[in-house]
Amino acid sequence: MQVLLIGANGYLGPHVVRALSSHHQLRITDIKPAPEEIRREYPGHRYFELDVTSRDEVLRAAEDAEAIVNLSVVRREPKLAFHVNTLGCLHVMEAAVRHGIRRVINTGPHFTVAGPTYESYDFAIPPDVPPHPGIGLYPLTKSLGQEISRIHAEEHDVYVQEYLFYSLRDQKELKPGVGGVPFVVTWSDAAEVFRLGLQIELDRLPSRCEVFFILGDCPQTKFLNEKAKRILGFHPKDDVSVLWQASSASSGEKR
Amino acid sequence: MKRRTFLQRSGLAFPGAAAVLAADRVEPTAESVLITSAHTRLAPILAAGLGKQYRPVLTAAQEIRTEHEWRRGDPLDETTTADLVRGIGAIVHLAEPPASASTAAQVDVRTRATYNLLQAAAAAGVTRAIYISSLDVMQGHGERFAVTEDWRPEPTTAAGAMSHWLGECTCREFARQGSISIVALRFGRLVGEEEAGGKPADRPWLAESDAVQAVRLSLDYLRKRTSPADRWTVFHILAAGCPRFPISKAERLLGYRPEFRS
C-alpha cells in the first residue's frame with residue numbers, strides 16, 4: 001500500500017517507519033528533512049519535506065496514496081498548534097476526500113478526549129467518551145482536529161482511526177518501581193498498532209471514525225485498551241506493569 | 001469648536017478618544033460589553049441596540065468609523081487580546097471572518113481567535129460571554145424534524161457550518177473548565193429590517209432587531225444564572241413560526257419575543 005506519513009521525523013515517526021517499512025511503500029515526510037541514518041536504514045521509500053499547514057502541499061503529497069498516517073504535532077506554540085493540530089487535520093481530510101483515500105490514521109494525546117474532567121475523577125475510562133479535552137492548547141487543538149476528521153468521515157467514504165497515547169517508553173526503561181502515569185506503552189508496541197491499522201479490513205471498523213487508546217496492560221485500570229485489542233488485534237508484547245512493582249524493601253517487613 | 005469635532009477632524013480615533021466621545025451619552029458606571037468583528041453589519045447594530053443599558057466597545061483590527069468606543073486589536077493576535085478585554089464586563093463574540101474567507105481561515109477565526117479571546121478573558125476575570133453561532137450546525141438533521149437545542153449538532157463539512165460548530169466546541173471547553181459562563185446563540189439567516197416584513201416563516205431567518213433582543217436578553221440571563229449547571233447554554237434564535245427550529249427554549253428561559261413572525 002502507498003502510505004503517506006506526515007510528521008514522520010518526530011518522536012514516534014521513526015518507530016512507525018520501522019514497523020511499516022517492510023510492509024508498505026512509504027512517503028516519509030516532515031517539515032524537517034529525515035535524518036541520514038533513517039534514509040540509509042530504510043532505502044527504497046520516498047523522502048520529502050512537507051508542511052501540513054499547507055493545503056496545497058498536502059494535496060500534492062497525497063496524490064495516488066492509499067492511506068495517510070498523520071503524526072504531526074505542535075504542543076506549545078499557540079498559532080502553530082492550531083495550524084498543525086487543527087488545520088492540519090482539515091488538510092489531511094480534504095486530501096483524502098479529493099484523492100479517494102479511504103483510510104486515515106490520526107494521532108494525539110489521551111486528553112484529546114479524556115481531559116481533566118475525566119482524568120481527575122474517573123476510572124475504567126474508555127476511548128469512546130464524549131470528548132472533554134479541556135482548555136489546554138495541545139489537547140484542545142488536537143480535539144478540534146479530531147472533530148474535523150469525524151465530520152468529514154460522516155459525510156464521505158473515509159475511515160478515520162484516531163490513536164491516542166500518553167507516555168511512551170523504551171523497553172529498557174521498564175524497570176521495577178519506576179512508576180509513571182497509568183497510560184504507558186513502549187515505542188515498539190505503539191508502532192505495531194499502525195501496522196494493524198493499515199491492515200484491518202475497513203468494514204471491520206464499527207464506524208467511519210473510531211478512537212483507540214494505545215497503552216500496555218497498566219494494572220491501575222484507569223484507562224482501557226480493550227477496544228484496541230478487540231478491534232485492531234493489538235496485543236502489547238512488553239509488560240509495562242513492572243513499572244509499578246512494589247520493591248521488597250517497602251513490602252511491609254516492619255511490624 | 002466642540003471636543004467631538006476636534007477629535008474627529010484630527011483623526012484621533014484612538015481608543016481613548018472614542019471613550020471620550022461615548023462618555024457623554026452613557027452612564028460612567030454602565031458595564032462595558034466587548035463586541036468583536038466590528039467590520040460586520042451586525043456589530044454596530046448590536047452596539048446601538050445595547051447602548052442604553054451597556055457601554056459597547058467594538059473591536060477592529062483596522063481603524064473604523066463609529067460613534068462607539070472601539071479598541072484596535074484582532075483576537076487572532078494573542079498579543080492584543082489582554083488589552084481588548086481590560087475592564088470589560090462581558091463579551092459578545094461574533095467571530096466573523098472576512099468575506100470569502102477559505103474554509104481553513106473560517107476555522108482559524110472561529111477556533112483560534114475564540115481561544116485567544118477567552119484565554120485573555122478568563123485571565124482578566126471576565127465571567128460572561130455570548131458566542132454567536134449559526135443554525136447551520138444543525139444542517140445534518142433531516143428537514144422533516146423539529147430540531148431543538150437538545151439535539152446533537154450535525155454540521156456538514158460546509159465551511160460556515162463546520163467552523164461555527166468548532167467555535168462552539170472551543171467555547172464549551174472554557175465553560176466546562178469553569179472560569180467563564182457562555183451562552184451560544186445559534187442565529188438563523190440574518191435579514192435587515194426592510195426585508196423582514198412579509199417573509200415566510202417556514203425558513204430559519206432572523207431579523208436584526210430580534211438578534212439584538214436575543215443578545216440583550218442573554219446578557220441579562222448570564223448575570224442572573226450563576227450555578228455551575230448554567231455555565232453553558234445554547235439557544236436557537238430565529239423568527240417565530242419556523243416548524244423546523246422551535247424557539248420555545250429561548251421564549252421560556254430568555255423571555256425572547258421576536259418581533260417578526262409569520
# chains A, B, ... in the order shown; residues from 1 in each chain; ligands from 1
>>> interface_residues(of="chain B", to="chain A", cutoff="10 Å", atoms="only C-alpha atoms", output="number ranges by chain")
B: 76-78, 103-105, 107-108, 111-113, 115-116, 118-119, 140, 154-158, 162-163, 165-167, 169-177
>>> write_last_selection(atoms="C-alpha atoms", output="PDB file, in the first residue's frame")
ATOM      1  CA  LEU B  76      -6.209  36.178  16.039  1.00  0.00           C
ATOM      2  CA  ASP B  77      -3.236  38.021  17.526  1.00  0.00           C
ATOM      3  CA  GLU B  78      -2.884  36.803  21.084  1.00  0.00           C
ATOM      4  CA  THR B 103     -12.538  27.014   4.938  1.00  0.00           C
ATOM      5  CA  ALA B 104      -9.242  26.981   6.808  1.00  0.00           C
ATOM      6  CA  ALA B 105      -9.460  30.717   7.513  1.00  0.00           C
ATOM      7  CA  VAL B 107     -11.987  27.531  11.087  1.00  0.00           C
ATOM      8  CA  ASP B 108      -8.975  29.536  12.247  1.00  0.00           C
ATOM      9  CA  THR B 111     -11.391  28.461  16.897  1.00  0.00           C
ATOM     10  CA  ARG B 112      -8.049  30.181  17.421  1.00  0.00           C
ATOM     11  CA  ALA B 113      -9.411  33.717  17.752  1.00  0.00           C
ATOM     12  CA  TYR B 115      -9.462  30.567  22.118  1.00  0.00           C
ATOM     13  CA  ASN B 116      -7.207  33.618  22.381  1.00  0.00           C
ATOM     14  CA  LEU B 118     -11.468  33.518  26.034  1.00  0.00           C
ATOM     15  CA  GLN B 119      -7.998  32.828  27.442  1.00  0.00           C
ATOM     16  CA  GLY B 140     -27.319  17.435   9.034  1.00  0.00           C
ATOM     17  CA  GLU B 154     -24.715  17.633  12.928  1.00  0.00           C
ATOM     18  CA  PRO B 155     -22.717  20.130  10.914  1.00  0.00           C
ATOM     19  CA  THR B 156     -21.742  19.267   7.390  1.00  0.00           C
ATOM     20  CA  THR B 157     -18.265  19.945   6.045  1.00  0.00           C
ATOM     21  CA  ALA B 158     -19.514  23.253   4.622  1.00  0.00           C
ATOM     22  CA  MET B 162     -18.281  23.277  10.460  1.00  0.00           C
ATOM     23  CA  SER B 163     -16.407  26.339  11.677  1.00  0.00           C
ATOM     24  CA  TRP B 165     -19.560  24.189  15.393  1.00  0.00           C
ATOM     25  CA  LEU B 166     -15.848  24.103  16.131  1.00  0.00           C
ATOM     26  CA  GLY B 167     -16.174  27.559  17.660  1.00  0.00           C
ATOM     27  CA  CYS B 169     -16.666  23.306  20.888  1.00  0.00           C
ATOM     28  CA  THR B 170     -13.954  25.760  21.840  1.00  0.00           C
ATOM     29  CA  CYS B 171     -16.333  27.865  23.927  1.00  0.00           C
ATOM     30  CA  ARG B 172     -17.827  24.800  25.568  1.00  0.00           C
ATOM     31  CA  GLU B 173     -14.449  23.727  26.961  1.00  0.00           C
ATOM     32  CA  PHE B 174     -13.966  27.117  28.591  1.00  0.00           C
ATOM     33  CA  ALA B 175     -17.428  26.900  30.092  1.00  0.00           C
ATOM     34  CA  ARG B 176     -16.723  23.363  31.249  1.00  0.00           C
ATOM     35  CA  GLN B 177     -13.477  24.464  32.846  1.00  0.00           C
TER      36      GLN B 177
END
>>> residues_around(residues="Trp244 (chain A)", least_positions_apart="2", cutoff="9 Å", atoms="only C-alpha atoms", output="PyMOL selection string")
chain A and resi 175-180+218-219+240-242+246-247
>>> residues_around(residues="Ser32 (chain B)", least_positions_apart="2", cutoff="9 Å", atoms="only C-alpha atoms", output="short mmCIF file (atom, residue, chain, number, x, y, z; two decimals) with N, CA and C atoms, in the first residue's frame")
data_model
loop_
_atom_site.label_atom_id
_atom_site.label_comp_id
_atom_site.auth_asym_id
_atom_site.auth_seq_id
_atom_site.Cartn_x
_atom_site.Cartn_y
_atom_site.Cartn_z
N THR B 29 -20.87 54.34 34.97
CA THR B 29 -20.83 53.06 35.66
C THR B 29 -21.45 51.94 34.85
N ALA B 30 -21.93 52.19 33.64
CA ALA B 30 -22.53 51.13 32.84
C ALA B 30 -21.46 50.10 32.51
N LEU B 34 -17.80 44.04 25.32
CA LEU B 34 -16.93 43.99 24.15
C LEU B 34 -17.67 43.28 23.01
N TYR B 54 -25.82 49.31 28.30
CA TYR B 54 -24.42 48.93 28.44
C TYR B 54 -23.53 49.95 27.75
N ARG B 55 -22.26 49.79 27.95
CA ARG B 55 -21.25 50.61 27.29
C ARG B 55 -20.58 49.72 26.24
N PRO B 56 -21.06 49.76 25.00
CA PRO B 56 -20.48 48.86 24.00
C PRO B 56 -19.07 49.29 23.61
N VAL B 57 -18.22 48.31 23.44
CA VAL B 57 -16.85 48.55 23.00
C VAL B 57 -16.62 47.65 21.80
N GLY B 87 -10.97 45.69 31.62
CA GLY B 87 -12.09 46.47 32.12
C GLY B 87 -13.45 46.06 31.56
N ILE B 88 -13.49 44.97 30.84
CA ILE B 88 -14.73 44.54 30.20
C ILE B 88 -15.56 43.68 31.15
N GLY B 89 -16.87 43.86 31.10
CA GLY B 89 -17.75 43.06 31.95
C GLY B 89 -18.24 41.80 31.26
N ALA B 90 -18.47 41.91 29.95
CA ALA B 90 -18.98 40.75 29.20
C ALA B 90 -18.55 40.89 27.75
N ILE B 91 -18.60 39.76 27.05
CA ILE B 91 -18.15 39.74 25.66
C ILE B 91 -19.27 39.22 24.77
#
>>> atom_distance(atom1="CA of Trp70 (chain B)", atom2="CA of Ala207 (chain B)")
24.9 Å
>>> atom_distance(atom1="CA of Pro182 (chain A)", atom2="CA of Gly197 (chain A)")
23.6 Å
>>> atom_distance(atom1="CA of Val184 (chain A)", atom2="CA of Arg27 (chain A)")
28.3 Å
>>> select_by_dssp(residues="region 14-254 of chain B", states="strand (DSSP E or B)", output="PyMOL selection string")
chain B and resi 32-35+55-60+69-72+90-93+128-134+181-187+189-191+205-207+232-237
>>> residues_around(residues="Ala38 (chain B)", least_positions_apart="3", cutoff="8 Å", atoms="only C-alpha atoms", output="list in words")
Ile35, Arg41, Ala43, Pro44, Leu58, Thr59, Ala60 and Ile64 of chain B
>>> select_by_dssp(residues="region 26-258 of chain B", states="alpha helix (DSSP H)", output="MDAnalysis selection string")
chainID B and resid 42:50 81:85 103:108 114:124 159:177 193:196 208:224 248:254
>>> write_last_selection(atoms="C-alpha atoms", output="PDB file, in the first residue's frame")
ATOM      1  CA  LEU B  42     -24.369  43.285  12.820  1.00  0.00           C
ATOM      2  CA  ALA B  43     -21.699  44.567  15.221  1.00  0.00           C
ATOM      3  CA  PRO B  44     -22.629  48.270  15.073  1.00  0.00           C
ATOM      4  CA  ILE B  45     -26.314  47.332  15.146  1.00  0.00           C
ATOM      5  CA  LEU B  46     -25.653  45.408  18.346  1.00  0.00           C
ATOM      6  CA  ALA B  47     -23.678  48.312  19.762  1.00  0.00           C
ATOM      7  CA  ALA B  48     -26.552  50.685  19.042  1.00  0.00           C
ATOM      8  CA  GLY B  49     -29.073  48.262  20.480  1.00  0.00           C
ATOM      9  CA  LEU B  50     -27.150  47.661  23.694  1.00  0.00           C
ATOM     10  CA  THR B  81      -6.258  40.234  23.500  1.00  0.00           C
ATOM     11  CA  ALA B  82      -5.296  41.339  27.010  1.00  0.00           C
ATOM     12  CA  ASP B  83      -5.866  44.949  26.001  1.00  0.00           C
ATOM     13  CA  LEU B  84      -9.137  44.076  24.301  1.00  0.00           C
ATOM     14  CA  VAL B  85     -10.681  42.603  27.450  1.00  0.00           C
ATOM     15  CA  THR B 103     -12.538  27.014   4.938  1.00  0.00           C
ATOM     16  CA  ALA B 104      -9.242  26.981   6.808  1.00  0.00           C
ATOM     17  CA  ALA B 105      -9.460  30.717   7.513  1.00  0.00           C
ATOM     18  CA  GLN B 106     -13.013  30.385   8.812  1.00  0.00           C
ATOM     19  CA  VAL B 107     -11.987  27.531  11.087  1.00  0.00           C
ATOM     20  CA  ASP B 108      -8.975  29.536  12.247  1.00  0.00           C
ATOM     21  CA  THR B 114     -12.086  32.432  20.109  1.00  0.00           C
ATOM     22  CA  TYR B 115      -9.462  30.567  22.118  1.00  0.00           C
ATOM     23  CA  ASN B 116      -7.207  33.618  22.381  1.00  0.00           C
ATOM     24  CA  LEU B 117     -10.081  35.850  23.387  1.00  0.00           C
ATOM     25  CA  LEU B 118     -11.468  33.518  26.034  1.00  0.00           C
ATOM     26  CA  GLN B 119      -7.998  32.828  27.442  1.00  0.00           C
ATOM     27  CA  ALA B 120      -7.487  36.546  27.895  1.00  0.00           C
ATOM     28  CA  ALA B 121     -11.000  36.967  29.241  1.00  0.00           C
ATOM     29  CA  ALA B 122     -10.548  34.242  31.828  1.00  0.00           C
ATOM     30  CA  ALA B 123      -7.226  35.722  32.908  1.00  0.00           C
ATOM     31  CA  ALA B 124      -8.828  39.160  33.250  1.00  0.00           C
ATOM     32  CA  ALA B 159     -17.133  25.895   5.918  1.00  0.00           C
ATOM     33  CA  GLY B 160     -19.676  28.002   7.773  1.00  0.00           C
ATOM     34  CA  ALA B 161     -21.438  25.122   9.474  1.00  0.00           C
ATOM     35  CA  MET B 162     -18.281  23.277  10.460  1.00  0.00           C
ATOM     36  CA  SER B 163     -16.407  26.339  11.677  1.00  0.00           C
ATOM     37  CA  HIS B 164     -19.334  27.605  13.752  1.00  0.00           C
ATOM     38  CA  TRP B 165     -19.560  24.189  15.393  1.00  0.00           C
ATOM     39  CA  LEU B 166     -15.848  24.103  16.131  1.00  0.00           C
ATOM     40  CA  GLY B 167     -16.174  27.559  17.660  1.00  0.00           C
ATOM     41  CA  GLU B 168     -18.913  26.212  19.910  1.00  0.00           C
ATOM     42  CA  CYS B 169     -16.666  23.306  20.888  1.00  0.00           C
ATOM     43  CA  THR B 170     -13.954  25.760  21.840  1.00  0.00           C
ATOM     44  CA  CYS B 171     -16.333  27.865  23.927  1.00  0.00           C
ATOM     45  CA  ARG B 172     -17.827  24.800  25.568  1.00  0.00           C
ATOM     46  CA  GLU B 173     -14.449  23.727  26.961  1.00  0.00           C
ATOM     47  CA  PHE B 174     -13.966  27.117  28.591  1.00  0.00           C
ATOM     48  CA  ALA B 175     -17.428  26.900  30.092  1.00  0.00           C
ATOM     49  CA  ARG B 176     -16.723  23.363  31.249  1.00  0.00           C
ATOM     50  CA  GLN B 177     -13.477  24.464  32.846  1.00  0.00           C
ATOM     51  CA  GLU B 193     -35.472  45.289   8.799  1.00  0.00           C
ATOM     52  CA  GLU B 194     -36.561  46.143   5.295  1.00  0.00           C
ATOM     53  CA  GLU B 195     -36.502  42.505   4.268  1.00  0.00           C
ATOM     54  CA  ALA B 196     -38.018  41.144   7.446  1.00  0.00           C
ATOM     55  CA  GLU B 208     -31.561  42.068  13.040  1.00  0.00           C
ATOM     56  CA  SER B 209     -33.692  43.724  15.704  1.00  0.00           C
ATOM     57  CA  ASP B 210     -34.579  40.314  17.095  1.00  0.00           C
ATOM     58  CA  ALA B 211     -30.902  39.393  17.099  1.00  0.00           C
ATOM     59  CA  VAL B 212     -30.244  42.453  19.251  1.00  0.00           C
ATOM     60  CA  GLN B 213     -33.066  41.442  21.565  1.00  0.00           C
ATOM     61  CA  ALA B 214     -31.631  37.940  21.953  1.00  0.00           C
ATOM     62  CA  VAL B 215     -28.179  39.266  22.810  1.00  0.00           C
ATOM     63  CA  ARG B 216     -29.556  41.732  25.323  1.00  0.00           C
ATOM     64  CA  LEU B 217     -31.672  39.053  26.986  1.00  0.00           C
ATOM     65  CA  SER B 218     -28.694  36.687  27.055  1.00  0.00           C
ATOM     66  CA  LEU B 219     -26.570  39.253  28.861  1.00  0.00           C
ATOM     67  CA  ASP B 220     -29.317  39.521  31.477  1.00  0.00           C
ATOM     68  CA  TYR B 221     -29.575  35.732  31.627  1.00  0.00           C
ATOM     69  CA  LEU B 222     -25.860  35.348  32.246  1.00  0.00           C
ATOM     70  CA  ARG B 223     -25.987  37.887  35.037  1.00  0.00           C
ATOM     71  CA  LYS B 224     -28.764  36.042  36.843  1.00  0.00           C
ATOM     72  CA  SER B 248     -39.675  27.611  22.887  1.00  0.00           C
ATOM     73  CA  LYS B 249     -36.474  27.352  24.960  1.00  0.00           C
ATOM     74  CA  ALA B 250     -35.477  30.939  24.192  1.00  0.00           C
ATOM     75  CA  GLU B 251     -39.029  32.079  24.846  1.00  0.00           C
ATOM     76  CA  ARG B 252     -39.129  30.278  28.155  1.00  0.00           C
ATOM     77  CA  LEU B 253     -35.689  30.988  29.574  1.00  0.00           C
ATOM     78  CA  LEU B 254     -34.805  34.315  27.970  1.00  0.00           C
TER      79      LEU B 254
END
>>> decode(residues="region 95-222 of chain A", atoms="C-alpha atoms", output="short mmCIF file (atom, residue, chain, number, x, y, z; two decimals), in the first residue's frame")
data_model
loop_
_atom_site.label_atom_id
_atom_site.label_comp_id
_atom_site.auth_asym_id
_atom_site.auth_seq_id
_atom_site.Cartn_x
_atom_site.Cartn_y
_atom_site.Cartn_z
CA ALA A 95 -6.79 15.46 0.58
CA ALA A 96 -8.35 12.11 1.47
CA VAL A 97 -11.69 13.16 0.01
CA ARG A 98 -10.11 14.69 -3.10
CA HIS A 99 -8.00 11.62 -3.90
CA GLY A 100 -10.46 8.94 -2.81
CA ILE A 101 -8.22 7.79 0.05
CA ARG A 102 -10.41 5.72 2.34
CA ARG A 103 -8.00 5.17 5.24
CA VAL A 104 -6.64 7.86 7.55
CA ILE A 105 -4.87 7.41 10.86
CA ASN A 106 -4.52 10.42 13.15
CA THR A 107 -2.63 10.59 16.41
CA GLY A 108 -2.89 12.56 19.58
CA PRO A 109 -2.56 12.58 23.35
CA HIS A 110 -5.02 10.80 25.59
CA PHE A 111 -6.57 14.08 26.65
CA THR A 112 -7.81 14.70 23.15
CA VAL A 113 -10.87 13.02 24.63
CA ALA A 114 -10.14 12.37 28.30
CA GLY A 115 -9.14 15.70 29.75
CA PRO A 116 -9.19 16.78 33.38
CA THR A 117 -12.92 16.29 33.88
CA TYR A 118 -12.42 12.59 33.25
CA GLU A 119 -8.85 12.01 34.31
CA SER A 120 -9.21 13.71 37.66
CA TYR A 121 -12.39 11.86 38.55
CA ASP A 122 -12.87 8.52 36.88
CA PHE A 123 -11.52 5.03 36.29
CA ALA A 124 -12.04 2.48 33.55
CA ILE A 125 -12.15 5.33 31.07
CA PRO A 126 -12.76 4.01 27.56
CA PRO A 127 -11.85 5.95 24.41
CA ASP A 128 -15.46 6.37 23.32
CA VAL A 129 -16.38 9.00 25.89
CA PRO A 130 -17.68 12.38 24.67
CA PRO A 131 -14.54 14.47 24.26
CA HIS A 132 -13.65 16.72 27.18
CA PRO A 133 -10.18 17.96 26.20
CA GLY A 134 -10.21 21.00 28.47
CA ILE A 135 -8.66 24.32 27.54
CA GLY A 136 -5.06 23.24 27.32
CA LEU A 137 -3.66 24.31 23.97
CA TYR A 138 -2.36 20.89 22.97
CA PRO A 139 -5.40 18.76 23.83
CA LEU A 140 -7.94 21.30 22.59
CA THR A 141 -6.29 21.79 19.21
CA LYS A 142 -5.95 18.04 18.77
CA SER A 143 -9.58 17.56 19.77
CA LEU A 144 -10.73 20.13 17.23
CA GLY A 145 -8.70 18.34 14.59
CA GLN A 146 -10.29 15.06 15.58
CA GLU A 147 -13.74 16.64 15.31
CA ILE A 148 -12.93 17.90 11.81
CA SER A 149 -11.94 14.36 10.89
CA ARG A 150 -15.15 12.95 12.33
CA ILE A 151 -17.33 15.43 10.44
CA HIS A 152 -15.61 14.55 7.18
CA ALA A 153 -15.87 10.83 7.86
CA GLU A 154 -19.63 11.17 8.44
CA GLU A 155 -20.07 12.79 5.06
CA HIS A 156 -17.54 10.94 2.91
CA ASP A 157 -16.30 7.41 2.37
CA VAL A 158 -13.23 7.89 4.54
CA TYR A 159 -12.43 5.75 7.58
CA VAL A 160 -10.55 7.56 10.33
CA GLN A 161 -8.75 5.83 13.15
CA GLU A 162 -7.53 8.05 15.96
CA TYR A 163 -4.72 6.59 18.08
CA LEU A 164 -4.23 8.29 21.41
CA PHE A 165 -1.12 7.94 23.55
CA TYR A 166 0.15 9.36 26.78
CA SER A 167 3.52 8.09 27.91
CA LEU A 168 5.86 6.23 25.56
CA ARG A 169 8.92 4.40 26.86
CA ASP A 170 11.84 2.41 25.63
CA GLN A 171 11.75 -1.22 26.67
CA LYS A 172 14.91 -0.71 28.73
CA GLU A 173 13.05 1.89 30.81
CA LEU A 174 10.63 -0.73 32.09
CA LYS A 175 12.25 -1.18 35.47
CA PRO A 176 10.56 -2.23 38.69
CA GLY A 177 9.19 0.54 40.82
CA VAL A 178 9.93 3.43 38.46
CA GLY A 179 6.24 4.25 38.29
CA GLY A 180 4.62 6.67 35.92
CA VAL A 181 1.24 7.74 34.63
CA PRO A 182 -1.21 4.86 34.25
CA PHE A 183 -1.13 5.04 30.45
CA VAL A 184 2.17 3.72 29.20
CA VAL A 185 3.20 1.86 26.07
CA THR A 186 6.58 1.07 24.61
CA TRP A 187 7.63 2.64 21.34
CA SER A 188 7.71 -0.70 19.58
CA ASP A 189 4.25 -1.73 20.75
CA ALA A 190 2.94 1.71 19.79
CA ALA A 191 4.41 1.41 16.31
CA GLU A 192 2.96 -2.05 15.80
CA VAL A 193 -0.58 -0.68 16.09
CA PHE A 194 -0.06 1.32 12.91
CA ARG A 195 0.70 -1.87 11.02
CA LEU A 196 -2.54 -3.31 12.36
CA GLY A 197 -4.48 -0.19 11.48
CA LEU A 198 -3.30 -0.29 7.88
CA GLN A 199 -4.09 -3.97 7.63
CA ILE A 200 -7.59 -4.14 9.10
CA GLU A 201 -10.45 -4.52 6.64
CA LEU A 202 -12.31 -1.25 6.78
CA ASP A 203 -15.71 -2.87 7.17
CA ARG A 204 -14.47 -4.40 10.43
CA LEU A 205 -14.36 -0.94 11.95
CA PRO A 206 -17.65 -0.21 13.76
CA SER A 207 -17.96 3.19 12.11
CA ARG A 208 -16.05 5.53 9.88
CA CYS A 209 -14.48 7.28 12.85
CA GLU A 210 -13.01 5.29 15.70
CA VAL A 211 -10.85 6.36 18.63
CA PHE A 212 -8.45 3.99 20.34
CA PHE A 213 -6.39 4.29 23.50
CA ILE A 214 -2.99 2.74 22.80
CA LEU A 215 -1.41 1.61 26.04
CA GLY A 216 0.06 -1.52 27.53
CA ASP A 217 -1.65 -3.52 30.23
CA CYS A 218 -1.48 -0.98 33.02
CA PRO A 219 -2.68 -2.52 36.28
CA GLN A 220 -4.45 0.62 37.55
CA THR A 221 -7.33 0.20 35.07
CA LYS A 222 -7.58 3.97 34.84
#
